[in-house]
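Colleague: Got a structure here, written out as structure tokens. Questions coming.
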2 protein chains.
Amino acid sequence: VVLRVSSHVIWYTALSMDGRIADGQDSLDWIEAIGPYEGSGTEFHAFLATIDAAVVGASTLRWLLRGGHGWPHGDLPTWLVSHDPGLVDRVGPTEAPFTRVEGNLEPVFEAIAAAGHRRVWLCGGGDVAGQALALDRIDEVVVTIAPVALGKGPSLFEGLALPHRTFQLAECRPLGGGAARLRWERARG
Amino acid sequence: VVLRVSSHVIWYTALSMDGRIADGQDSLDWIEAIGPYEGSGTEFHAFLATIDAAVVGASTLRWLLRGGHGWPHGDLPTWLVSHDPGLVDRVGPTEAPFTRVEGNLEPVFEAIAAAGHRRVWLCGGGDVAGQALALDRIDEVVVTIAPVALGKGPSLFEGLALPHRTFQLAECRPLGGGAARLRWERARG
């Protein structure tokens with residue numbers, strides 16, 4: 001008997017007041033609108049320490065590479081959703097497996113669960129999050145809302161014919177530095 | 001000597017988790033994801049009681065008219081931003097003046113201030129809010145975030161080449177019924 005245990009997928013990201021994860025130039029510079037606050041350095045790392053695997057889209061990875069960042073989470077088993085094989089070469093060697101996939105996300109989540117990874121960080125972007133939402137595979141959404149309005153750029157979820165998905169508000173508080181922390185858990189059934 | 005006092009412009013609206021003010025079908029049905037909570041009936045009316053004038057865009061008004069709602073705030077002096085003269089006829093008679101304008105919003109805000117209206121409700125939609133933001137005439141943003149993700153639809157601010165605008169977080173709390181209340185005030189200078 002094989003007991004299949006699903007992973008818990010968390011979409012954790014920064015957001016503008018108008019719900020965007022990047023501006024019209026695909027930049028994240030606006031995050032600097034968040035002032036310094038106590039715990040800002042440790043909060044994200046504390047989250048990361050609970051994570052077993054990552055899923056990242058091509059746009060998000062390209063943005064990191066353009067900024068000369070590389071893939072900063074090479075210690076996490078990572079699945080890249082992209083049609084571009086060249087992207088993997090640009091990432092270079094990583095500590096943990098870095099796997100490129102294309103097409104439907106469902107087998108990706110199955111492979112992650114089969115590998116025994118329990119907590120999965122969906123680290124961008126809005127299209128991948130939209131696909132995951134369409135499959136109803138988003139279990140938790142954690143956003144840090146910066147006090148800035150952008151007017152253009154991809155939203156937290158992007159999808160043409162997405163069914164509306166209802167969540168439960170689990171957290172809502174000022175985080176410091178003018179940022180707001182909101183957290184939702186998927187309300188199923 | 002004429003002392004010109006600017007109005008205080010408040011963009012007060014409901015928002016999805018992904019920062020949208022309507023879904024892909026221009027519907028607001030998703031607001032029902034907010035459960036009943038104490039004060040839900042009086043909260044909006046308490047806000048309205050502080051308001052002296054309203055600015056509304058064509059899409060928002062058309063949505064109200066399609067739903068058979070008419071213009072529910074006929075007691076407020078209202079400026080409609082629209083190129084369509086027929087829209088005014090569809091609204092019919094109102095208690096307070098209902099004025100259609102087109103083009104730049106700057107003279108609209110000037111006319112509102114000249115008429116002595118101090119607190120102005122910008123009641124939609126994202127394009128009008130984007131234009132007002134571009135003019136730096138948004139003083140306060142008040143949103144009720146519903147615990148639902150849409151994936152498509154206009155965002156809180158829509159504008160092609162909008163300068164990023166920084167605000168100060170003034171309020172961040174659970175409102176009840178799964179909704180979150182966030183309020184920002186424009187940080188100028």
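Numbering starts fresh at 1 for the residues of each chain in the structure tokens, the chains themselves are lettered A, B, ... in the order given, and ligands are numbered from 1 as they appear.
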Could you list the residues in chain A lying within 8 Å of chain B, using only C-alpha atoms, and format the result as a JSON list (two decimals) with N, CA, C and O atoms, in the first residue's frame?

Modeller:
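File result_22.json, as written:
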```json
[["chain", "number", "residue", "atom", "x", "y", "z"],
["A", 17, "MET", "N", 0.72, 47.62, -3.20],
["A", 17, "MET", "CA", -0.63, 47.91, -2.75],
["A", 17, "MET", "C", -1.67, 47.44, -3.77],
["A", 17, "MET", "O", -2.78, 47.05, -3.41],
["A", 18, "ASP", "N", -1.30, 47.51, -5.06],
["A", 18, "ASP", "CA", -2.23, 47.08, -6.10],
["A", 18, "ASP", "C", -2.02, 45.63, -6.52],
["A", 18, "ASP", "O", -2.37, 45.25, -7.64],
["A", 19, "GLY", "N", -1.47, 44.83, -5.61],
["A", 19, "GLY", "CA", -1.46, 43.38, -5.81],
["A", 19, "GLY", "C", -0.50, 42.87, -6.85],
["A", 19, "GLY", "O", -0.68, 41.79, -7.40],
["A", 20, "ARG", "N", 0.54, 43.66, -7.12],
["A", 20, "ARG", "CA", 1.50, 43.26, -8.16],
["A", 20, "ARG", "C", 2.78, 42.71, -7.54],
["A", 20, "ARG", "O", 3.20, 43.18, -6.48],
["A", 24, "GLY", "N", 6.13, 47.36, -14.04],
["A", 24, "GLY", "CA", 6.00, 47.25, -15.49],
["A", 24, "GLY", "C", 7.30, 46.94, -16.19],
["A", 24, "GLY", "O", 7.30, 46.49, -17.35],
["A", 30, "TRP", "N", 10.90, 48.47, -6.09],
["A", 30, "TRP", "CA", 9.89, 49.12, -5.27],
["A", 30, "TRP", "C", 9.80, 48.51, -3.87],
["A", 30, "TRP", "O", 9.22, 49.11, -2.96],
["A", 33, "ALA", "N", 10.47, 50.46, -0.75],
["A", 33, "ALA", "CA", 9.50, 51.32, -0.06],
["A", 33, "ALA", "C", 9.25, 50.81, 1.36],
["A", 33, "ALA", "O", 8.74, 51.54, 2.20],
["A", 130, "GLY", "N", -0.87, 31.20, -10.82],
["A", 130, "GLY", "CA", -2.19, 31.06, -11.43],
["A", 130, "GLY", "C", -2.47, 29.63, -11.86],
["A", 130, "GLY", "O", -3.55, 29.10, -11.64],
["A", 147, "PRO", "N", 4.14, 49.52, 0.97],
["A", 147, "PRO", "CA", 3.24, 50.68, 0.88],
["A", 147, "PRO", "C", 3.51, 51.50, -0.37],
["A", 147, "PRO", "O", 3.81, 52.69, -0.30],
["A", 148, "VAL", "N", 3.37, 50.87, -1.53],
["A", 148, "VAL", "CA", 3.65, 51.55, -2.78],
["A", 148, "VAL", "C", 2.69, 51.04, -3.86],
["A", 148, "VAL", "O", 2.33, 49.86, -3.87],
["A", 149, "ALA", "N", 2.24, 51.97, -4.72],
["A", 149, "ALA", "CA", 1.34, 51.63, -5.82],
["A", 149, "ALA", "C", 2.11, 51.67, -7.12],
["A", 149, "ALA", "O", 2.89, 52.59, -7.36],
["A", 150, "LEU", "N", 1.91, 50.68, -7.99],
["A", 150, "LEU", "CA", 2.71, 50.55, -9.21],
["A", 150, "LEU", "C", 1.92, 50.86, -10.49],
["A", 150, "LEU", "O", 2.44, 51.49, -11.39],
["A", 151, "GLY", "N", 0.68, 50.39, -10.57],
["A", 151, "GLY", "CA", -0.13, 50.69, -11.76],
["A", 151, "GLY", "C", 0.07, 49.77, -12.93],
["A", 151, "GLY", "O", -0.72, 49.77, -13.87],
["A", 152, "LYS", "N", 1.12, 48.98, -12.89],
["A", 152, "LYS", "CA", 1.39, 48.05, -13.98],
["A", 152, "LYS", "C", 2.27, 46.93, -13.45],
["A", 152, "LYS", "O", 3.03, 47.14, -12.52],
["A", 155, "SER", "N", 0.20, 40.44, -11.54],
["A", 155, "SER", "CA", -0.49, 40.34, -10.25],
["A", 155, "SER", "C", -0.14, 39.03, -9.54],
["A", 155, "SER", "O", 0.47, 38.14, -10.14],
["A", 156, "LEU", "N", -0.54, 38.95, -8.28],
["A", 156, "LEU", "CA", -0.27, 37.78, -7.43],
["A", 156, "LEU", "C", -0.70, 36.49, -8.11],
["A", 156, "LEU", "O", -0.01, 35.47, -8.03],
["A", 157, "PHE", "N", -1.86, 36.53, -8.75],
["A", 157, "PHE", "CA", -2.34, 35.39, -9.54],
["A", 157, "PHE", "C", -2.69, 35.88, -10.92],
["A", 157, "PHE", "O", -3.39, 36.89, -11.07],
["A", 158, "GLU", "N", -2.20, 35.17, -11.93],
["A", 158, "GLU", "CA", -2.51, 35.51, -13.32],
["A", 158, "GLU", "C", -3.07, 34.27, -14.00],
["A", 158, "GLU", "O", -2.46, 33.21, -13.98],
["A", 159, "GLY", "N", -4.23, 34.40, -14.60],
["A", 159, "GLY", "CA", -4.81, 33.26, -15.31],
["A", 159, "GLY", "C", -6.06, 33.70, -16.03],
["A", 159, "GLY", "O", -6.83, 34.49, -15.49],
["A", 160, "LEU", "N", -6.24, 33.20, -17.23],
["A", 160, "LEU", "CA", -7.34, 33.70, -18.05],
["A", 160, "LEU", "C", -8.70, 33.29, -17.51],
["A", 160, "LEU", "O", -9.59, 34.11, -17.37],
["A", 161, "ALA", "N", -8.86, 32.01, -17.24],
["A", 161, "ALA", "CA", -10.19, 31.52, -16.86],
["A", 161, "ALA", "C", -10.08, 30.78, -15.55],
["A", 161, "ALA", "O", -10.47, 29.63, -15.41],
["A", 162, "LEU", "N", -9.55, 31.48, -14.55],
["A", 162, "LEU", "CA", -9.30, 30.89, -13.24],
["A", 162, "LEU", "C", -10.60, 30.81, -12.46],
["A", 162, "LEU", "O", -11.31, 31.80, -12.34],
["A", 163, "PRO", "N", -10.90, 29.63, -11.88],
["A", 163, "PRO", "CA", -12.06, 29.62, -10.97],
["A", 163, "PRO", "C", -11.71, 30.45, -9.74],
["A", 163, "PRO", "O", -10.57, 30.46, -9.30],
["A", 164, "HIS", "N", -12.68, 31.20, -9.22],
["A", 164, "HIS", "CA", -12.43, 31.94, -7.98],
["A", 164, "HIS", "C", -12.14, 30.94, -6.88],
["A", 164, "HIS", "O", -12.83, 29.94, -6.74],
["A", 165, "ARG", "N", -11.12, 31.21, -6.09],
["A", 165, "ARG", "CA", -10.76, 30.31, -4.98],
["A", 165, "ARG", "C", -10.88, 31.07, -3.67],
["A", 165, "ARG", "O", -10.31, 32.16, -3.54],
["A", 166, "THR", "N", -11.57, 30.48, -2.74],
["A", 166, "THR", "CA", -11.77, 31.12, -1.45],
["A", 166, "THR", "C", -10.77, 30.60, -0.42],
["A", 166, "THR", "O", -10.49, 29.41, -0.36],
["A", 167, "PHE", "N", -10.23, 31.52, 0.36],
["A", 167, "PHE", "CA", -9.26, 31.20, 1.40],
["A", 167, "PHE", "C", -9.80, 31.65, 2.76],
["A", 167, "PHE", "O", -10.87, 32.26, 2.84],
["A", 168, "GLN", "N", -9.03, 31.34, 3.80],
["A", 168, "GLN", "CA", -9.35, 31.85, 5.13],
["A", 168, "GLN", "C", -8.23, 32.76, 5.58],
["A", 168, "GLN", "O", -7.06, 32.39, 5.49],
["A", 169, "LEU", "N", -8.61, 33.92, 6.07],
["A", 169, "LEU", "CA", -7.59, 34.86, 6.57],
["A", 169, "LEU", "C", -6.99, 34.29, 7.86],
["A", 169, "LEU", "O", -7.70, 34.05, 8.83],
["A", 171, "GLU", "N", -3.79, 35.57, 9.10],
["A", 171, "GLU", "CA", -2.91, 36.56, 9.72],
["A", 171, "GLU", "C", -3.10, 37.88, 9.01],
["A", 171, "GLU", "O", -3.26, 37.92, 7.78],
["A", 172, "CYS", "N", -3.09, 38.96, 9.77],
["A", 172, "CYS", "CA", -3.24, 40.30, 9.20],
["A", 172, "CYS", "C", -2.68, 41.29, 10.21],
["A", 172, "CYS", "O", -3.32, 41.56, 11.22],
["A", 173, "ARG", "N", -1.47, 41.77, 9.96],
["A", 173, "ARG", "CA", -0.84, 42.65, 10.95],
["A", 173, "ARG", "C", 0.23, 43.52, 10.30],
["A", 173, "ARG", "O", 0.82, 43.13, 9.28],
["A", 174, "PRO", "N", 0.48, 44.68, 10.90],
["A", 174, "PRO", "CA", 1.62, 45.48, 10.43],
["A", 174, "PRO", "C", 2.90, 44.71, 10.72],
["A", 174, "PRO", "O", 3.04, 44.10, 11.78],
["A", 178, "GLY", "N", 6.35, 49.95, 7.49],
["A", 178, "GLY", "CA", 5.26, 50.32, 6.60],
["A", 178, "GLY", "C", 4.65, 49.15, 5.85],
["A", 178, "GLY", "O", 3.71, 49.32, 5.08],
["A", 179, "ALA", "N", 5.19, 47.96, 6.08],
["A", 179, "ALA", "CA", 4.68, 46.78, 5.37],
["A", 179, "ALA", "C", 3.54, 46.13, 6.16],
["A", 179, "ALA", "O", 3.47, 46.24, 7.38],
["A", 180, "ALA", "N", 2.67, 45.44, 5.44],
["A", 180, "ALA", "CA", 1.59, 44.67, 6.04],
["A", 180, "ALA", "C", 1.81, 43.20, 5.72],
["A", 180, "ALA", "O", 2.21, 42.86, 4.61],
["A", 184, "TRP", "N", -3.14, 33.75, 4.17],
["A", 184, "TRP", "CA", -4.40, 33.05, 3.97],
["A", 184, "TRP", "C", -4.15, 31.55, 3.83],
["A", 184, "TRP", "O", -3.13, 31.14, 3.26]]
```

Colleague: Write out as a short mmCIF file (atom, residue, chain, number, x, y, z; two decimals) with C-alpha atoms, in the first residue's frame which residues come within 12 Å of Glu43 (chain B) when counting only C-alpha atoms, dropping same-chain ones fewer than 5 positions away.

Modeller:
```cif
data_model
loop_
_atom_site.label_atom_id
_atom_site.label_comp_id
_atom_site.auth_asym_id
_atom_site.auth_seq_id
_atom_site.Cartn_x
_atom_site.Cartn_y
_atom_site.Cartn_z
CA TYR B 12 -12.17 53.28 -0.93
CA TYR B 37 -19.54 40.19 10.47
CA GLU B 38 -20.55 42.64 13.14
CA LEU B 48 -20.08 57.59 3.43
CA ALA B 49 -21.34 59.98 6.10
CA THR B 50 -17.91 61.66 6.07
CA THR B 144 -11.36 45.69 2.23
CA LEU B 175 -12.29 43.29 9.66
CA GLY B 176 -14.39 40.19 10.25
CA ARG B 181 -8.87 46.14 6.24
#
```

Colleague: Which residues, written as a list of chain:residue names, have at least one atom at most 7 Å from Ala113 (chain A), with only C-alpha atoms counted and residues fewer than 5 positions away on the same chain left out?

Modeller: A:Val5, A:Ser6, A:Ser7, A:Arg118

Colleague: Hey, what does DSSP flag as helix (DSSP H, G or I) within region 2-104 of chain A? Can you give it to me as a VMD selection string?

Modeller: chain A and resid 29 to 33 40 to 48 58 to 66 86 to 91

Colleague: Keeping N, CA, C and O atoms, export the residues of the selection given above as a JSON list (two decimals), in the first residue's frame.

Modeller:
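Ended up saving to selection.json:
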```
[["chain", "number", "residue", "atom", "x", "y", "z"],
["A", 29, "ASP", "N", 12.53, 46.71, -7.48],
["A", 29, "ASP", "CA", 13.15, 47.82, -6.74],
["A", 29, "ASP", "C", 12.19, 48.46, -5.75],
["A", 29, "ASP", "O", 12.61, 48.98, -4.71],
["A", 30, "TRP", "N", 10.90, 48.47, -6.09],
["A", 30, "TRP", "CA", 9.89, 49.12, -5.27],
["A", 30, "TRP", "C", 9.80, 48.51, -3.87],
["A", 30, "TRP", "O", 9.22, 49.11, -2.96],
["A", 31, "ILE", "N", 10.36, 47.33, -3.68],
["A", 31, "ILE", "CA", 10.32, 46.70, -2.36],
["A", 31, "ILE", "C", 11.04, 47.59, -1.34],
["A", 31, "ILE", "O", 10.78, 47.53, -0.14],
["A", 32, "GLU", "N", 11.94, 48.44, -1.85],
["A", 32, "GLU", "CA", 12.66, 49.34, -0.95],
["A", 32, "GLU", "C", 11.73, 50.37, -0.28],
["A", 32, "GLU", "O", 12.15, 51.07, 0.65],
["A", 33, "ALA", "N", 10.47, 50.46, -0.75],
["A", 33, "ALA", "CA", 9.50, 51.32, -0.06],
["A", 33, "ALA", "C", 9.25, 50.81, 1.36],
["A", 33, "ALA", "O", 8.74, 51.54, 2.20],
["A", 40, "SER", "N", 13.42, 42.04, 10.10],
["A", 40, "SER", "CA", 13.28, 41.94, 8.65],
["A", 40, "SER", "C", 14.33, 40.99, 8.06],
["A", 40, "SER", "O", 14.08, 40.33, 7.07],
["A", 41, "GLY", "N", 15.49, 40.92, 8.69],
["A", 41, "GLY", "CA", 16.53, 40.05, 8.16],
["A", 41, "GLY", "C", 16.27, 38.58, 8.47],
["A", 41, "GLY", "O", 16.61, 37.70, 7.68],
["A", 42, "THR", "N", 15.64, 38.33, 9.62],
["A", 42, "THR", "CA", 15.50, 36.94, 10.06],
["A", 42, "THR", "C", 14.17, 36.32, 9.65],
["A", 42, "THR", "O", 14.06, 35.10, 9.55],
["A", 43, "GLU", "N", 13.15, 37.15, 9.37],
["A", 43, "GLU", "CA", 11.80, 36.65, 9.13],
["A", 43, "GLU", "C", 11.77, 35.72, 7.92],
["A", 43, "GLU", "O", 11.25, 34.61, 7.99],
["A", 44, "PHE", "N", 12.36, 36.17, 6.81],
["A", 44, "PHE", "CA", 12.34, 35.38, 5.60],
["A", 44, "PHE", "C", 13.17, 34.11, 5.77],
["A", 44, "PHE", "O", 12.79, 33.03, 5.30],
["A", 45, "HIS", "N", 14.29, 34.22, 6.47],
["A", 45, "HIS", "CA", 15.13, 33.04, 6.68],
["A", 45, "HIS", "C", 14.45, 32.02, 7.57],
["A", 45, "HIS", "O", 14.62, 30.82, 7.38],
["A", 46, "ALA", "N", 13.68, 32.52, 8.53],
["A", 46, "ALA", "CA", 12.92, 31.60, 9.40],
["A", 46, "ALA", "C", 11.89, 30.84, 8.56],
["A", 46, "ALA", "O", 11.67, 29.64, 8.75],
["A", 47, "PHE", "N", 11.27, 31.55, 7.62],
["A", 47, "PHE", "CA", 10.33, 30.88, 6.71],
["A", 47, "PHE", "C", 11.07, 29.84, 5.87],
["A", 47, "PHE", "O", 10.65, 28.68, 5.76],
["A", 48, "LEU", "N", 12.18, 30.25, 5.26],
["A", 48, "LEU", "CA", 12.95, 29.37, 4.38],
["A", 48, "LEU", "C", 13.37, 28.08, 5.10],
["A", 48, "LEU", "O", 13.42, 27.00, 4.49],
["A", 58, "ALA", "N", 9.91, 30.85, -15.09],
["A", 58, "ALA", "CA", 11.00, 31.36, -15.92],
["A", 58, "ALA", "C", 11.21, 32.87, -15.74],
["A", 58, "ALA", "O", 12.35, 33.33, -15.65],
["A", 59, "SER", "N", 10.12, 33.63, -15.66],
["A", 59, "SER", "CA", 10.26, 35.09, -15.55],
["A", 59, "SER", "C", 10.98, 35.47, -14.26],
["A", 59, "SER", "O", 11.85, 36.35, -14.26],
["A", 60, "THR", "N", 10.59, 34.83, -13.18],
["A", 60, "THR", "CA", 11.20, 35.13, -11.88],
["A", 60, "THR", "C", 12.68, 34.78, -11.91],
["A", 60, "THR", "O", 13.53, 35.57, -11.47],
["A", 61, "LEU", "N", 13.01, 33.61, -12.45],
["A", 61, "LEU", "CA", 14.42, 33.20, -12.51],
["A", 61, "LEU", "C", 15.22, 34.14, -13.41],
["A", 61, "LEU", "O", 16.33, 34.56, -13.06],
["A", 62, "ARG", "N", 14.63, 34.50, -14.57],
["A", 62, "ARG", "CA", 15.34, 35.42, -15.49],
["A", 62, "ARG", "C", 15.61, 36.75, -14.80],
["A", 62, "ARG", "O", 16.66, 37.34, -14.98],
["A", 63, "TRP", "N", 14.63, 37.22, -14.00],
["A", 63, "TRP", "CA", 14.83, 38.48, -13.28],
["A", 63, "TRP", "C", 16.01, 38.37, -12.31],
["A", 63, "TRP", "O", 16.86, 39.25, -12.23],
["A", 64, "LEU", "N", 16.09, 37.24, -11.62],
["A", 64, "LEU", "CA", 17.20, 37.02, -10.69],
["A", 64, "LEU", "C", 18.53, 36.99, -11.44],
["A", 64, "LEU", "O", 19.53, 37.58, -11.01],
["A", 65, "LEU", "N", 18.53, 36.29, -12.57],
["A", 65, "LEU", "CA", 19.77, 36.16, -13.34],
["A", 65, "LEU", "C", 20.20, 37.51, -13.92],
["A", 65, "LEU", "O", 21.38, 37.85, -13.92],
["A", 66, "ARG", "N", 19.22, 38.29, -14.40],
["A", 66, "ARG", "CA", 19.53, 39.61, -14.95],
["A", 66, "ARG", "C", 20.18, 40.50, -13.91],
["A", 66, "ARG", "O", 21.07, 41.29, -14.20],
["A", 86, "GLY", "N", 18.00, 26.45, -22.01],
["A", 86, "GLY", "CA", 19.19, 27.25, -21.77],
["A", 86, "GLY", "C", 19.23, 27.87, -20.39],
["A", 86, "GLY", "O", 20.31, 28.19, -19.86],
["A", 87, "LEU", "N", 18.04, 28.04, -19.78],
["A", 87, "LEU", "CA", 17.97, 28.67, -18.45],
["A", 87, "LEU", "C", 18.73, 27.85, -17.40],
["A", 87, "LEU", "O", 19.35, 28.41, -16.50],
["A", 88, "VAL", "N", 18.66, 26.53, -17.53],
["A", 88, "VAL", "CA", 19.33, 25.66, -16.56],
["A", 88, "VAL", "C", 20.84, 25.87, -16.62],
["A", 88, "VAL", "O", 21.51, 25.95, -15.60],
["A", 89, "ASP", "N", 21.37, 25.98, -17.85],
["A", 89, "ASP", "CA", 22.81, 26.20, -18.00],
["A", 89, "ASP", "C", 23.22, 27.51, -17.34],
["A", 89, "ASP", "O", 24.29, 27.62, -16.75],
["A", 90, "ARG", "N", 22.35, 28.53, -17.48],
["A", 90, "ARG", "CA", 22.70, 29.84, -16.92],
["A", 90, "ARG", "C", 22.73, 29.80, -15.40],
["A", 90, "ARG", "O", 23.38, 30.63, -14.76],
["A", 91, "VAL", "N", 21.97, 28.87, -14.81],
["A", 91, "VAL", "CA", 21.96, 28.76, -13.35],
["A", 91, "VAL", "C", 23.27, 28.13, -12.87],
["A", 91, "VAL", "O", 23.83, 28.51, -11.85]]
```

Colleague: Report the residues of region 7-159 of chain B whose backbone DSSP state falls under strand (DSSP E), written as a ChimeraX atom specification.

Modeller: /B:8-15,53-57,78-81,98-101,119-122,140-145,148-149

Colleague: Could you tell me which of A:Pro93, A:Pro85, A:Gly103, A:Pro77 comes closest to Val55 (chain A) if we count only C-alpha atoms?

Modeller: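 Selected residue with least distance to Val55 (chain A): A:Pro77.
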
Colleague: Choose the residue, out of B:Val128, B:Leu135, B:Leu28, B:Leu122, that has the smallest atom-to-atom separation from Val9 (chain B); count only C-alpha atoms.

Modeller: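 Going through B:Val128, B:Leu135, B:Leu28, B:Leu122 one by one, the smallest distance to Val9 (chain B) is for B:Leu122.
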
Colleague: Report, in Å to a single decimal, how far apart CA of Trp11 (chain B) and CA of Val142 (chain B) are.

Modeller: 6.1 Å

Colleague: Between B:Gly74, B:Glu106, B:Gly116, B:Ile10, which residue has the minimum interatomic distance to Thr94 (chain B), considering only C-alpha atoms?

Modeller: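 Looking at the shortest contact to Thr94 (chain B), the residue is B:Gly74.
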